[in-house]
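Asker: One structure follows; several queries about it will come next.
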Amino acid sequence: MSSVLQPASTGSDPSPDPSAAEKYRPVSSHLAIAPPVSVVIPAMNEAENLPYVFKTLPDWIHEVVLVDGNSTDDTVRVARDLRPDVKVVEQRGKGKGDALITGFEACTGDIIVMVDADGSADGQEIVSYVSALVSGADFAKGSRFANGGGTDDMTFIRKLGNRALCAVVNRKFGARYTDLCYGYNAFWRHCLDKIDLDCTGFEVETLMNIRVVKAGLKVQEIPSHEYLRIHGVSNLRAVRDGLRVLRVILDERSNRRALRSRTHSPTLGPVGTVGTVGAVGPVGAVGPVGAVRRKAS
């Protein structure tokens, strides 16, 4: 069954569903959704920024999962004061990639949204990401360079590096991305089984983008505006992390060549069909959990 738009109920409906209010969460005055949405926020010493981050989060989300990277300030206390139902998960390892993987494992929602804790992302944009997913996309990818997006936080050198790395990924993997290294994304939880994340640093965003393409998932870019970090200093280092991103690209390219070689090997027999394992069929693969209806007026 594909994702469907259901008409708004009317007063003439002789048998309205009394449990409809429990099945659907109002997203706007015109739209309500069925699937629960989890928001993952990796944070390390972000106590001053969390009030701004939490303030922009929509009240219809299912849960907030805060992954604490061994903060030495009041990050955890502030998070619990702001949102008593927040799910706090302690990060055992190090790095943004490790934090996100830890947070994803703790999510119970069908849709997962990843948001940075520095105040650079506007939580009100989440509705655009979720709308893309319930309309048929597997992965909603934020882009600062798509029409309608923007950034206040990138230097010329970082923009140039991002553009160059993005061009390499597009050419080598057949993608059509306008942005590569951006941490504001959303996806159906079942996609995690297809992309199998296994890196610990900032390069996790690039790895996700590459493996989404390799898995044949349906991607929709979402214009997003990145604001300046409100408090504190970013742990991002342009040259160091740029080299790590490049290494990921080269490794994934090598892995793709190795897989293609094994797929065409005559000794593999029928196992050679592994090349299609990552492919996703029609939008109907989302199933009824992706159903969306227009809220009654």
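Identifiers for the structure tokens are assigned positionally: chains receive A, B, ... in sequence, residues are indexed from 1 per chain, and ligands are indexed from 1 in the order shown.
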Which segment 179-206 of chain A residues have any atom within 10 Å of an atom of segment 73-96 of chain A, and for each, what is the nearest pair of atoms with distance in Å to one decimal, counting only C-alpha atoms, rows sorted by chain and number, as a Markdown table?
Answerer:
```
| residue | atom | partner | partner_atom | distance |
| --- | --- | --- | --- | --- |
| A:Gly183 | CA | A:Lys96 | CA | 9.9 |
| A:Cys199 | CA | A:Gly95 | CA | 8.8 |
| A:Thr200 | CA | A:Gly95 | CA | 5.1 |
| A:Gly201 | CA | A:Gly95 | CA | 4.7 |
| A:Phe202 | CA | A:Lys96 | CA | 5.6 |
| A:Glu203 | CA | A:Lys96 | CA | 8.5 |
| A:Val204 | CA | A:Lys96 | CA | 7.5 |
| A:Glu205 | CA | A:Lys96 | CA | 9.4 |
```
Asker: Next, the residues of the selection above should be written as a short mmCIF file (atom, residue, chain, number, x, y, z; two decimals), in the first residue's frame with N, CA, C and O atoms.
Answerer:
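Below is the file result.cif, written as the result:
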```cif
data_model
loop_
_atom_site.label_atom_id
_atom_site.label_comp_id
_atom_site.auth_asym_id
_atom_site.auth_seq_id
_atom_site.Cartn_x
_atom_site.Cartn_y
_atom_site.Cartn_z
N GLY A 183 24.18 18.42 8.66
CA GLY A 183 23.68 17.48 9.65
C GLY A 183 22.20 17.51 9.93
O GLY A 183 21.75 16.92 10.92
N CYS A 199 30.91 4.78 11.20
CA CYS A 199 32.01 5.74 11.40
C CYS A 199 31.68 6.62 12.59
O CYS A 199 30.53 6.74 13.00
N THR A 200 32.69 7.28 13.15
CA THR A 200 32.51 7.97 14.42
C THR A 200 32.53 9.50 14.34
O THR A 200 32.05 10.16 15.24
N GLY A 201 33.10 10.07 13.29
CA GLY A 201 33.31 11.51 13.25
C GLY A 201 32.28 12.31 12.47
O GLY A 201 31.19 11.82 12.16
N PHE A 202 32.65 13.54 12.14
CA PHE A 202 31.77 14.42 11.38
C PHE A 202 31.47 13.88 9.98
O PHE A 202 30.49 14.27 9.35
N GLU A 203 32.33 12.97 9.50
CA GLU A 203 32.13 12.43 8.16
C GLU A 203 30.91 11.52 8.07
O GLU A 203 30.57 11.05 6.98
N VAL A 204 30.24 11.29 9.19
CA VAL A 204 29.06 10.42 9.19
C VAL A 204 27.98 10.93 8.23
O VAL A 204 27.27 10.15 7.61
N GLU A 205 27.87 12.25 8.10
CA GLU A 205 26.85 12.81 7.22
C GLU A 205 27.13 12.45 5.76
O GLU A 205 26.21 12.09 5.00
#
```
Asker: With a cut-off of 7 Å, could you pull out the residues of segment 51-95 of chain A touching segment 120-126 of chain A and give me the nearest pair of atoms for each, distance in Å to one decimal, using only C-alpha atoms, ordered by chain and ascending number, as a tab-separated table?
Answerer:
```
residue	atom	partner	partner_atom	distance
A:Thr56	CA	A:Gly123	CA	4.7
A:Leu57	CA	A:Gly123	CA	4.6
A:Pro58	CA	A:Gln124	CA	6.3
```
Asker: Choose the residue, out of A:Asp110, A:Glu221, A:Asp153, A:Asp118, that has the smallest atom-to-atom separation from Ala34 of chain A; count only C-alpha atoms.
Answerer: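 Nearest to Ala34 of chain A: A:Asp110.
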Asker: To test your reading of the structure, identify every residue in segment 11-182 of chain A that backbone DSSP assigns to strand (DSSP E), and report it as a VMD selection string.
Answerer: chain A and resid 25 to 26 32 to 33 37 to 43 63 to 68 87 to 90 111 to 114 139 to 143 150 to 151
Asker: Between A:Leu31, A:Tyr24, A:Leu197, A:Asn255, which residue has the minimum interatomic distance to Ser131 of chain A, considering only C-alpha atoms?
Answerer: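 Under the stated criterion, the closest residue is A:Leu31.
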